[in-house]
>>> print(open('entry32.txt').read())   # compact mmCIF, C-alpha atoms and all ligand atoms
# COMPACT_ATOMS: atom_id res chain seq x y z
CA MET A 62 40.19 78.71 -53.60
CA LYS A 63 38.00 81.82 -53.90
CA LYS A 64 39.85 84.94 -55.09
CA LEU A 65 39.09 88.63 -54.73
CA THR A 66 39.57 90.96 -57.68
CA PHE A 67 41.45 94.26 -57.56
CA ARG A 68 40.38 97.27 -59.64
CA ASP A 69 42.91 96.36 -62.34
CA GLY A 70 41.66 92.77 -62.55
CA ASP A 71 44.48 91.16 -60.50
CA LYS A 72 43.29 88.44 -58.14
CA ILE A 73 44.30 87.68 -54.55
CA PRO A 74 43.53 84.31 -52.87
CA ALA A 75 40.88 84.89 -50.20
CA ILE A 76 42.64 82.84 -47.49
CA GLY A 77 46.22 83.69 -46.54
CA LEU A 78 48.58 82.71 -43.76
CA GLY A 79 49.10 85.30 -40.99
CA THR A 80 52.63 85.55 -39.55
CA TRP A 81 52.42 88.00 -36.61
CA LYS A 82 53.81 86.29 -33.48
CA SER A 83 55.06 83.35 -35.55
CA ASP A 84 58.37 82.96 -33.79
CA PRO A 85 61.74 82.80 -35.45
CA GLY A 86 62.57 79.11 -35.72
CA LYS A 87 58.90 78.30 -36.38
CA VAL A 88 57.72 80.72 -39.02
CA GLY A 89 59.75 79.17 -41.87
CA ASP A 90 58.25 75.73 -41.25
CA ALA A 91 54.79 77.28 -41.02
CA VAL A 92 55.19 78.99 -44.40
CA SER A 93 56.55 75.79 -45.97
CA ALA A 94 53.67 73.74 -44.51
CA ALA A 95 51.15 76.31 -45.73
CA LEU A 96 52.51 76.33 -49.28
CA GLU A 97 52.54 72.55 -49.31
CA THR A 98 48.90 72.50 -48.18
CA GLY A 99 47.95 74.84 -51.02
CA TYR A 100 48.05 78.37 -49.54
CA ARG A 101 49.26 80.90 -52.09
CA HIS A 102 48.96 84.05 -49.98
CA ILE A 103 51.30 84.97 -47.12
CA ASP A 104 50.73 88.05 -44.94
CA CYS A 105 53.97 89.55 -43.60
CA ALA A 106 55.21 92.77 -42.00
CA ALA A 107 58.63 94.19 -41.26
CA ILE A 108 57.75 94.66 -37.58
CA TYR A 109 57.01 90.94 -37.15
CA GLY A 110 60.79 90.45 -37.20
CA ASN A 111 60.59 87.22 -39.20
CA GLU A 112 60.68 88.22 -42.87
CA ALA A 113 64.22 86.91 -43.45
CA GLU A 114 63.21 83.43 -42.28
CA ILE A 115 60.07 83.62 -44.44
CA GLY A 116 62.27 84.56 -47.41
CA GLU A 117 64.43 81.46 -46.85
CA ALA A 118 61.36 79.22 -46.57
CA LEU A 119 59.88 80.68 -49.75
CA GLN A 120 63.03 79.92 -51.73
CA LYS A 121 63.10 76.36 -50.45
CA SER A 122 59.39 75.83 -51.16
CA TYR A 123 59.67 77.21 -54.69
CA SER A 124 62.16 74.48 -55.51
CA ASP A 125 60.58 71.70 -53.38
CA LEU A 126 57.08 72.27 -54.78
CA GLY A 127 58.05 73.25 -58.32
CA ILE A 128 56.38 76.64 -58.01
CA SER A 129 57.81 80.10 -58.51
CA ARG A 130 57.57 83.57 -57.02
CA LYS A 131 54.71 84.54 -59.31
CA ASP A 132 52.54 81.72 -57.91
CA VAL A 133 52.55 83.19 -54.38
CA TRP A 134 50.86 86.40 -53.23
CA LEU A 135 53.14 88.30 -50.86
CA THR A 136 51.85 91.16 -48.73
CA SER A 137 54.01 93.19 -46.37
CA LYS A 138 53.62 96.38 -44.34
CA LEU A 139 55.48 99.62 -43.78
CA TRP A 140 56.22 100.13 -40.08
CA ASN A 141 55.31 103.31 -38.20
CA ARG A 142 58.94 104.49 -37.97
CA GLU A 143 59.26 104.82 -41.73
CA HIS A 144 56.40 107.18 -42.63
CA LYS A 145 58.56 110.02 -43.93
CA ARG A 146 58.71 110.26 -47.71
CA GLU A 147 62.43 109.49 -47.85
CA ASP A 148 62.12 106.45 -45.56
CA VAL A 149 59.38 104.50 -47.37
CA ILE A 150 61.32 103.02 -50.29
CA PRO A 151 64.41 102.10 -48.21
CA ALA A 152 62.13 100.28 -45.73
CA LEU A 153 60.40 98.50 -48.60
CA LYS A 154 63.76 97.51 -50.10
CA GLN A 155 64.78 95.92 -46.79
CA THR A 156 61.57 93.85 -46.84
CA LEU A 157 62.20 92.86 -50.47
CA SER A 158 65.72 91.77 -49.58
CA ASP A 159 64.49 89.79 -46.54
CA LEU A 160 61.73 88.09 -48.51
CA GLN A 161 64.22 87.45 -51.37
CA THR A 162 62.03 89.00 -54.03
CA ASP A 163 62.18 92.03 -56.31
CA TYR A 164 58.53 93.00 -55.90
CA LEU A 165 55.61 92.69 -53.47
CA ASP A 166 52.10 91.93 -54.60
CA LEU A 167 50.75 94.27 -51.96
CA TYR A 168 52.34 96.80 -49.61
CA LEU A 169 50.33 98.43 -46.82
CA ILE A 170 50.81 101.38 -44.48
CA HIS A 171 50.61 99.31 -41.28
CA TRP A 172 49.01 101.92 -38.96
CA PRO A 173 47.94 105.55 -39.32
CA VAL A 174 50.53 106.36 -36.66
CA ALA A 175 54.03 107.83 -37.11
CA PHE A 176 56.99 107.19 -34.82
CA ARG A 177 60.23 109.14 -34.82
CA PRO A 178 62.51 107.64 -37.49
CA ASP A 179 65.37 107.14 -35.02
CA LEU A 180 63.21 105.36 -32.42
CA GLU A 181 64.47 102.02 -31.16
CA GLY A 182 61.71 99.72 -29.88
CA PHE A 183 58.23 100.88 -28.89
CA PRO A 184 57.44 104.52 -27.99
CA ARG A 185 57.32 105.44 -24.34
CA SER A 186 56.28 109.09 -24.48
CA ASP A 187 54.94 111.79 -26.83
CA ASP A 188 58.51 112.63 -27.85
CA ASP A 189 58.82 109.24 -29.53
CA TYR A 190 55.99 110.02 -31.98
CA LEU A 191 55.62 112.40 -34.88
CA PRO A 192 52.21 114.07 -35.15
CA LEU A 193 50.32 113.49 -38.39
CA SER A 194 50.46 117.26 -38.94
CA GLU A 195 54.24 116.82 -39.35
CA VAL A 196 54.15 113.61 -41.44
CA PRO A 197 50.72 113.59 -43.06
CA LEU A 198 49.36 110.25 -44.23
CA THR A 199 49.17 111.79 -47.72
CA GLU A 200 52.99 112.17 -47.71
CA THR A 201 53.45 108.50 -46.84
CA TRP A 202 50.82 107.54 -49.40
CA ASP A 203 52.61 109.51 -52.16
CA ALA A 204 55.78 107.54 -51.43
CA MET A 205 53.81 104.26 -51.58
CA LEU A 206 52.54 105.29 -55.02
CA GLU A 207 56.10 106.14 -56.07
CA ALA A 208 57.10 102.59 -55.07
CA LYS A 209 54.31 101.29 -57.27
CA LYS A 210 55.47 103.47 -60.16
CA GLN A 211 58.97 102.04 -59.76
CA GLY A 212 57.57 98.49 -60.02
CA LEU A 213 58.61 97.55 -56.48
CA ILE A 214 55.00 96.78 -55.55
CA ARG A 215 52.03 95.69 -57.64
CA HIS A 216 49.33 97.08 -55.33
CA ALA A 217 49.32 99.71 -52.59
CA GLY A 218 47.02 99.82 -49.61
CA VAL A 219 46.59 100.66 -45.96
CA SER A 220 45.79 98.97 -42.69
CA ASN A 221 43.81 100.07 -39.64
CA PHE A 222 42.31 103.01 -41.56
CA SER A 223 38.87 104.38 -40.64
CA ILE A 224 36.46 105.72 -43.27
CA LYS A 225 37.58 109.24 -42.30
CA LYS A 226 41.24 108.44 -42.91
CA LEU A 227 40.49 106.62 -46.16
CA LYS A 228 38.64 109.73 -47.34
CA GLU A 229 41.77 111.82 -46.73
CA LEU A 230 43.69 109.62 -49.17
CA ILE A 231 40.82 109.32 -51.63
CA ARG A 232 40.57 113.11 -51.82
CA HIS A 233 44.31 113.30 -52.41
CA LEU A 234 45.59 113.45 -56.00
CA GLY A 235 46.83 110.14 -57.37
CA GLU A 236 45.54 106.64 -56.88
CA ASP A 237 43.19 105.46 -54.13
CA PRO A 238 44.17 102.64 -51.75
CA GLU A 239 43.38 99.21 -53.16
CA MET A 240 43.18 97.33 -49.85
CA ASN A 241 42.41 98.11 -46.21
CA GLN A 242 43.50 95.42 -43.74
CA VAL A 243 41.53 95.72 -40.50
CA GLU A 244 40.41 93.72 -37.50
CA LEU A 245 37.22 91.96 -38.54
CA HIS A 246 35.37 89.01 -36.97
CA PRO A 247 31.86 88.30 -35.64
CA TYR A 248 32.36 90.58 -32.61
CA LEU A 249 33.54 93.46 -34.86
CA GLN A 250 31.74 93.10 -38.16
CA GLN A 251 32.77 96.49 -39.66
CA LYS A 252 29.54 96.80 -41.66
CA GLU A 253 29.88 100.52 -42.47
CA LEU A 254 33.53 100.16 -43.47
CA LEU A 255 32.73 97.14 -45.61
CA LYS A 256 29.95 99.06 -47.41
CA PHE A 257 32.14 102.16 -47.88
CA CYS A 258 35.09 100.14 -49.24
CA LYS A 259 32.85 98.22 -51.61
CA GLU A 260 31.47 101.48 -53.02
CA LYS A 261 34.99 102.86 -53.50
CA GLY A 262 36.49 99.69 -55.02
CA ILE A 263 38.73 99.04 -52.00
CA LEU A 264 39.13 95.41 -50.89
CA LEU A 265 39.15 94.47 -47.20
CA THR A 266 41.29 91.90 -45.41
CA SER A 267 40.07 90.56 -42.05
CA TYR A 268 42.81 90.26 -39.44
CA SER A 269 42.64 88.47 -36.07
CA PRO A 270 39.73 86.37 -37.43
CA LEU A 271 40.10 83.82 -34.62
CA GLY A 272 40.41 86.35 -31.81
CA SER A 273 44.20 86.61 -31.67
CA GLY A 274 44.49 84.47 -28.53
CA ASP A 275 48.30 84.53 -28.60
CA ARG A 276 48.64 88.33 -28.38
CA PRO A 277 51.06 89.60 -25.75
CA GLU A 278 49.36 89.95 -22.34
CA ARG A 279 49.83 93.74 -22.37
CA LEU A 280 47.48 93.93 -25.37
CA LYS A 281 44.73 91.93 -23.64
CA LYS A 282 41.82 93.13 -21.52
CA GLU A 283 40.48 91.35 -18.48
CA GLY A 284 37.45 89.19 -19.22
CA GLU A 285 37.55 89.75 -22.97
CA PRO A 286 35.16 87.58 -25.02
CA THR A 287 36.60 84.65 -26.95
CA LEU A 288 35.45 83.66 -30.43
CA LEU A 289 36.53 80.05 -30.68
CA ASP A 290 34.25 78.93 -27.84
CA ASN A 291 31.28 81.15 -28.60
CA GLU A 292 28.06 79.08 -28.30
CA VAL A 293 26.66 80.19 -31.67
CA ILE A 294 29.93 79.44 -33.48
CA LEU A 295 30.16 76.05 -31.73
CA SER A 296 26.62 75.08 -32.72
CA ILE A 297 27.12 76.12 -36.36
CA ALA A 298 30.41 74.16 -36.38
CA GLU A 299 28.60 71.08 -35.12
CA LYS A 300 25.81 71.47 -37.71
CA GLN A 301 28.33 71.99 -40.54
CA GLU A 302 30.62 69.19 -39.32
CA ALA A 303 33.39 71.76 -39.25
CA THR A 304 35.59 73.27 -36.56
CA PRO A 305 34.88 76.68 -34.94
CA ALA A 306 37.97 78.14 -36.67
CA GLN A 307 36.69 76.93 -40.04
CA VAL A 308 33.33 78.61 -39.42
CA LEU A 309 35.01 81.90 -38.50
CA ILE A 310 37.29 81.82 -41.55
CA GLN A 311 34.54 80.88 -43.95
CA TRP A 312 32.27 83.59 -42.52
CA ALA A 313 34.93 86.20 -43.43
CA VAL A 314 35.24 84.76 -46.95
CA ALA A 315 31.45 84.65 -47.39
CA ARG A 316 31.33 88.38 -46.58
CA GLY A 317 33.64 89.09 -49.50
CA THR A 318 36.84 89.75 -47.56
CA CYS A 319 40.29 88.18 -47.55
CA VAL A 320 41.15 86.48 -44.27
CA ILE A 321 44.59 85.70 -42.83
CA PRO A 322 44.45 83.31 -39.85
CA LYS A 323 47.83 82.83 -38.15
CA SER A 324 49.10 79.43 -37.14
CA THR A 325 52.45 77.71 -36.76
CA ASN A 326 50.81 74.33 -36.13
CA PRO A 327 50.74 72.15 -39.28
CA GLY A 328 47.41 70.52 -38.36
CA ARG A 329 45.73 73.88 -37.78
CA ILE A 330 47.33 75.39 -40.92
CA ASP A 331 45.67 72.57 -42.84
CA GLU A 332 42.37 72.90 -40.95
CA ASN A 333 42.19 76.64 -41.64
CA PHE A 334 42.88 76.21 -45.35
CA ASN A 335 40.20 73.51 -45.59
CA SER A 336 37.58 75.93 -44.31
CA LYS A 337 37.07 76.59 -48.03
CA GLU A 338 34.97 73.40 -48.05
CA VAL A 339 32.50 74.82 -45.50
CA ASP A 340 29.32 76.29 -46.99
CA LEU A 341 27.51 78.50 -44.48
CA ASP A 342 23.80 78.91 -45.17
CA GLU A 343 21.59 81.96 -44.72
CA GLU A 344 20.53 80.90 -41.23
CA ASP A 345 24.19 80.51 -40.15
CA MET A 346 25.02 83.96 -41.52
CA GLU A 347 22.01 85.53 -39.72
CA GLN A 348 22.96 83.91 -36.43
CA ILE A 349 26.55 85.14 -36.72
CA GLU A 350 25.32 88.63 -37.63
CA SER A 351 23.65 88.83 -34.22
CA LEU A 352 27.03 88.44 -32.48
CA ASP A 353 28.36 91.93 -33.31
CA ILE A 354 29.26 93.70 -30.06
CA HIS A 355 31.79 96.11 -31.56
CA PHE A 356 34.63 94.58 -29.60
CA ARG A 357 38.24 95.15 -30.68
CA TYR A 358 41.05 92.81 -29.61
CA LEU A 359 43.49 95.49 -30.87
CA ASP A 360 41.87 98.73 -29.79
CA GLY A 361 44.74 101.08 -30.66
CA THR A 362 45.24 102.26 -27.08
CA VAL A 363 48.77 100.87 -27.27
CA PHE A 364 49.58 104.04 -29.25
CA GLU A 365 48.01 106.45 -26.75
CA THR A 366 50.22 108.73 -24.69
CA GLU A 367 49.51 111.53 -22.25
CA SER A 368 48.52 113.93 -25.07
CA GLU A 369 45.68 113.74 -27.60
CA MET A 370 48.10 112.91 -30.45
CA TYR A 371 46.98 109.35 -31.17
CA ARG A 372 43.74 109.08 -29.19
CA ASP A 373 40.81 107.46 -30.97
CA ILE A 374 42.85 106.34 -33.98
CA PHE A 375 39.81 104.54 -35.39
CA ASP A 376 37.85 107.84 -35.34
CA GLU A 377 34.94 106.43 -33.38
CA GLY A 378 34.35 109.60 -31.36
P1 LIG B 1 44.32 85.02 -35.22
O1 LIG B 1 42.94 85.50 -34.97
O2 LIG B 1 44.70 84.50 -36.55
O3 LIG B 1 44.64 83.96 -34.09
C1 LIG B 1 45.88 83.34 -33.95
C2 LIG B 1 45.77 82.37 -32.78
O4 LIG B 1 44.81 81.34 -33.09
C3 LIG B 1 47.06 81.66 -32.46
O5 LIG B 1 47.11 81.49 -31.07
C4 LIG B 1 46.91 80.32 -33.16
O6 LIG B 1 47.69 79.32 -32.51
C5 LIG B 1 45.43 80.05 -32.98
N1 LIG B 1 44.85 79.20 -34.03
C6 LIG B 1 45.13 79.19 -35.35
N2 LIG B 1 44.36 78.30 -36.00
C7 LIG B 1 43.58 77.72 -35.07
C8 LIG B 1 42.60 76.71 -35.13
N3 LIG B 1 42.25 76.13 -36.26
N4 LIG B 1 41.98 76.34 -33.96
C9 LIG B 1 42.33 76.93 -32.80
N5 LIG B 1 43.26 77.89 -32.67
C10 LIG B 1 43.89 78.28 -33.81
O7 LIG B 1 45.27 86.21 -34.76
P2 LIG B 1 46.29 87.25 -35.35
O8 LIG B 1 46.15 88.46 -34.51
O9 LIG B 1 47.62 86.62 -35.49
O10 LIG B 1 45.72 87.65 -36.80
C11 LIG B 1 46.03 86.97 -37.97
C12 LIG B 1 47.05 87.71 -38.83
O11 LIG B 1 46.54 88.98 -39.22
C13 LIG B 1 48.35 88.06 -38.11
O12 LIG B 1 49.17 86.96 -37.90
C14 LIG B 1 48.89 89.11 -39.06
O13 LIG B 1 49.45 88.52 -40.20
C15 LIG B 1 47.63 89.90 -39.37
N6 LIG B 1 47.40 91.04 -38.45
C16 LIG B 1 47.55 92.29 -38.93
C17 LIG B 1 47.39 93.38 -38.11
C18 LIG B 1 47.53 94.75 -38.66
O14 LIG B 1 47.68 95.70 -37.87
N7 LIG B 1 47.50 94.92 -39.96
C19 LIG B 1 47.05 93.25 -36.68
C20 LIG B 1 46.85 91.88 -36.28
C21 LIG B 1 47.01 90.83 -37.14
P3 LIG B 1 48.74 78.37 -33.26
O15 LIG B 1 49.71 79.25 -34.02
O16 LIG B 1 49.38 77.63 -32.15
O17 LIG B 1 47.93 77.49 -34.17
C1 LIG B 2 50.78 96.30 -32.95
C2 LIG B 2 50.36 95.00 -33.60
C3 LIG B 2 50.71 94.90 -35.02
C4 LIG B 2 50.19 93.62 -35.61
O1 LIG B 2 50.10 93.72 -37.02
>>> encode(input="entry32.txt", output="structure tokens")
Amino acid sequence: MKKLTFRDGDKIPAIGLGTWKSDPGKVGDAVSAALETGYRHIDCAAIYGNEAEIGEALQKSYSDLGISRKDVWLTSKLWNREHKREDVIPALKQTLSDLQTDYLDLYLIHWPVAFRPDLEGFPRSDDDYLPLSEVPLTETWDAMLEAKKQGLIRHAGVSNFSIKKLKELIRHLGEDPEMNQVELHPYLQQKELLKFCKEKGILLTSYSPLGSGDRPERLKKEGEPTLLDNEVILSIAEKQEATPAQVLIQWAVARGTCVIPKSTNPGRIDENFNSKEVDLDEEDMEQIESLDIHFRYLDGTVFETESEMYRDIFDEG
């Protein structure tokens, strides 16, 4: 399995298992199946509501497979309600307790969006948010670095950050983010962000690499393009004797990113992991490059309210 190297030399397996929308009752089996197949990278988040079941499955797999905590890369994410300095480490400690571990390999600020700390559920109006002027991303970032200093996390990073927002943290005193996890697939190739992150020594993880077909309906747009039945992807899959999902996953790896396809189906978990056997050639890469239409499956509008507070969170103007 290809690995990506952090600035300090630590290595993360390029393909990980995504766990958003992996339902309670299913996610534990998915994690166990993935570890049995050979995955050693699991992508989690507190807001996915399934970390306790993942923690149970990890414990069982360690003993069933004769592996230990240090053999598995665990990423999790700080939810939007816990951006205040004093809330970051308690939220992290809850994740550590749920995942039954005393450290994370990587902890990310999930979104550059802050909710009120006492909010239950999803915001409904401006009053449910805190503006970034009140809880600056630099404050949250400082607390992430404090968690790293305390040994609770090995690496600190962000998610859904634009170049502009990354620059705010890079200019800030202390350490720069080590990872940015963003939506990235042939319809949204993120070329500028990829170039910027490479120059700054920040790794990228590609989320929703298969088009996130199981997103809740309220996050979907009418007539949105699908990746898994795109003609170009289908023809490359046929040529490579691979599946469309394997082509999409291997494309992300070939571009030097981590990729975290989600599945709770054992056959597809296996299929996705085995994309490592696919070797895309220059012609395949060129054909896929022509598919970029700058289309986001998660366009951030879910965080928009009547005011300007969280409009254009990707800073695209
Ligand atoms: P994906 O693009 O990974 O797509 C998941 C969907 O594809 C599911 O319906 C799954 O079904 C299906 N699928 C999986 N494998 C195959 C296959 N081989 N052939 C056909 N269909 C397949 O979507 P996600 O949005 O879940 O993204 C992946 C992960 O990225 C998330 O789970 C999460 O960990 C992370 N993420 C992070 C975000 C962030 O804000 N940082 C935002 C979004 C995602 P089935 O399970 O039935 O196989
Ligand atoms: C709002 C969606 C979060 C998925 O990581």
>>> closest_residue(input="entry32.txt", among="A:Pro327, A:Gly262, A:Pro173, A:Gly89", to="A:Met370", atoms="only C-alpha atoms")
A:Pro173
>>> closest_atom_pairs(input="entry32.txt", of="chain A", to="ligand LIG 2 (chain B)", cutoff="9 Å", atoms="all atoms listed in the file", output="CSV")
residue,atom,partner,partner_atom,distance
A:Thr80,CA,B:LIG2,O1,8.9
A:Trp81,CA,B:LIG2,C4,6.1
A:Lys82,CA,B:LIG2,C4,8.4
A:Cys105,CA,B:LIG2,O1,8.7
A:Ala106,CA,B:LIG2,O1,7.2
A:Ile108,CA,B:LIG2,C3,7.5
A:Tyr109,CA,B:LIG2,O1,7.4
A:Lys138,CA,B:LIG2,O1,8.5
A:His171,CA,B:LIG2,O1,7.0
A:Trp172,CA,B:LIG2,C3,8.2
A:Ser220,CA,B:LIG2,O1,8.8
A:Tyr268,CA,B:LIG2,O1,8.4
A:Arg276,CA,B:LIG2,C2,8.6
A:Leu280,CA,B:LIG2,C1,8.6
A:Leu359,CA,B:LIG2,C2,7.4
A:Gly361,CA,B:LIG2,C1,8.0
A:Val363,CA,B:LIG2,C1,7.6
A:Phe364,CA,B:LIG2,C1,8.7
>>> atom_distance(input="entry32.txt", atom1="atom CA of A:Asp353", atom2="atom CA of A:Gln301")
21.2 Å
>>> atom_distance(input="entry32.txt", atom1="atom CA of A:Asp373", atom2="atom CA of A:Ser223")
10.3 Å
>>> residues_near_point(input="entry32.txt", point="(61.7, 76.4, -49.9)", cutoff="12 Å", atoms="all atoms listed in the file", output="list in words")
Gly89, Asp90, Ala91, Val92, Ser93, Ala94, Ala95, Leu96, Glu97, Glu114, Ile115, Gly116, Glu117, Ala118, Leu119, Gln120, Lys121, Ser122, Tyr123, Ser124, Asp125, Leu126, Gly127, Ile128, Ser129, Arg130, Leu160 and Gln161 of chain A
>>> closest_atom_pairs(input="entry32.txt", of="chain A", to="ligand LIG 1 (chain B)", cutoff="6 Å", atoms="all atoms listed in the file", output="CSV")
residue,atom,partner,partner_atom,distance
A:Gly79,CA,B:LIG1,O13,3.3
A:Thr80,CA,B:LIG1,O12,4.1
A:Trp81,CA,B:LIG1,O12,3.6
A:Asp104,CA,B:LIG1,O13,4.9
A:Cys105,CA,B:LIG1,O13,5.7
A:His171,CA,B:LIG1,N7,5.5
A:Ser220,CA,B:LIG1,N7,5.2
A:Gln242,CA,B:LIG1,N7,5.5
A:Tyr268,CA,B:LIG1,O11,3.9
A:Ser269,CA,B:LIG1,O1,3.2
A:Pro270,CA,B:LIG1,O1,4.1
A:Leu271,CA,B:LIG1,O1,3.3
A:Gly272,CA,B:LIG1,O1,4.1
A:Ser273,CA,B:LIG1,O7,3.3
A:Gly274,CA,B:LIG1,O5,4.7
A:Asp275,CA,B:LIG1,O5,4.1
A:Ala306,CA,B:LIG1,N3,4.7
A:Ile321,CA,B:LIG1,C12,5.1
A:Pro322,CA,B:LIG1,O2,3.5
A:Lys323,CA,B:LIG1,O2,3.9
A:Ser324,CA,B:LIG1,O15,3.2
A:Thr325,CA,B:LIG1,O15,4.2
A:Asn326,CA,B:LIG1,O17,4.7
A:Arg329,CA,B:LIG1,N3,4.4
A:Glu332,CA,B:LIG1,N3,5.7
A:Asn333,CA,B:LIG1,N3,5.4
>>> residues_near_point(input="entry32.txt", point="(41.7, 92.6, -45.3)", cutoff="9 Å", atoms="only C-alpha atoms", output="list in words")
Ser220, Met240, Asn241, Gln242, Val243, Glu244, Leu245, Leu264, Leu265, Thr266, Ser267, Tyr268, Thr318, Cys319, Val320 and Ile321 of chain A
>>> atom_distance(input="entry32.txt", atom1="atom CA of A:Gln311", atom2="atom CA of A:Ser137")
23.2 Å
>>> residues_around(input="entry32.txt", residues="A:Val196", least_positions_apart="4", cutoff="8 Å", atoms="all atoms listed in the file", output="PyMOL selection string")
chain A and resi 144-145+175+191-192+200-201
>>> closest_residue(input="entry32.txt", among="A:Tyr371, A:Phe67, A:Phe356, A:Phe334", to="A:Leu309", atoms="all atoms listed in the file")
A:Phe334
>>> residues_around(input="entry32.txt", residues="A:Asp166", least_positions_apart="2", cutoff="9 Å", atoms="all atoms listed in the file", output="count of residues only")
13
>>> closest_atom_pairs(input="entry32.txt", of="stretch 180-259 of chain A", to="stretch 140-143 of chain A", cutoff="10 Å", atoms="only C-alpha atoms", output="JSON lines")
{"residue": "A:Leu180", "atom": "CA", "partner": "A:Arg142", "partner_atom": "CA", "distance": 7.1}
{"residue": "A:Glu181", "atom": "CA", "partner": "A:Arg142", "partner_atom": "CA", "distance": 9.1}
{"residue": "A:Gly182", "atom": "CA", "partner": "A:Arg142", "partner_atom": "CA", "distance": 9.8}
{"residue": "A:Phe183", "atom": "CA", "partner": "A:Arg142", "partner_atom": "CA", "distance": 9.8}
{"residue": "A:Asp189", "atom": "CA", "partner": "A:Arg142", "partner_atom": "CA", "distance": 9.7}
{"residue": "A:Tyr190", "atom": "CA", "partner": "A:Arg142", "partner_atom": "CA", "distance": 8.7}
{"residue": "A:Leu191", "atom": "CA", "partner": "A:Arg142", "partner_atom": "CA", "distance": 9.1}
{"residue": "A:Thr201", "atom": "CA", "partner": "A:Glu143", "partner_atom": "CA", "distance": 8.6}
>>> closest_residue(input="entry32.txt", among="A:Trp312, A:Phe257, A:Tyr358, A:Phe222", to="A:Glu283", atoms="only C-alpha atoms")
A:Tyr358
>>> closest_residue(input="entry32.txt", among="A:Leu165, A:Leu193, A:Ala107, A:Ala113", to="A:Ala152", atoms="all atoms listed in the file")
A:Ala107
>>> closest_residue(input="entry32.txt", among="A:Gly218, A:Gly235, A:Pro184, A:Gly317", to="A:Leu139", atoms="only C-alpha atoms")
A:Gly218
>>> closest_residue(input="entry32.txt", among="A:Thr366, A:Thr98, A:Asn111, A:Ser194", to="A:Pro85", atoms="only C-alpha atoms")
A:Asn111
>>> residues_around(input="entry32.txt", residues="A:Asn335", least_positions_apart="3", cutoff="10 Å", atoms="only C-alpha atoms", output="ChimeraX atom specification")
/A:62,76,98-99,303,307,310-311,329-332,338-339
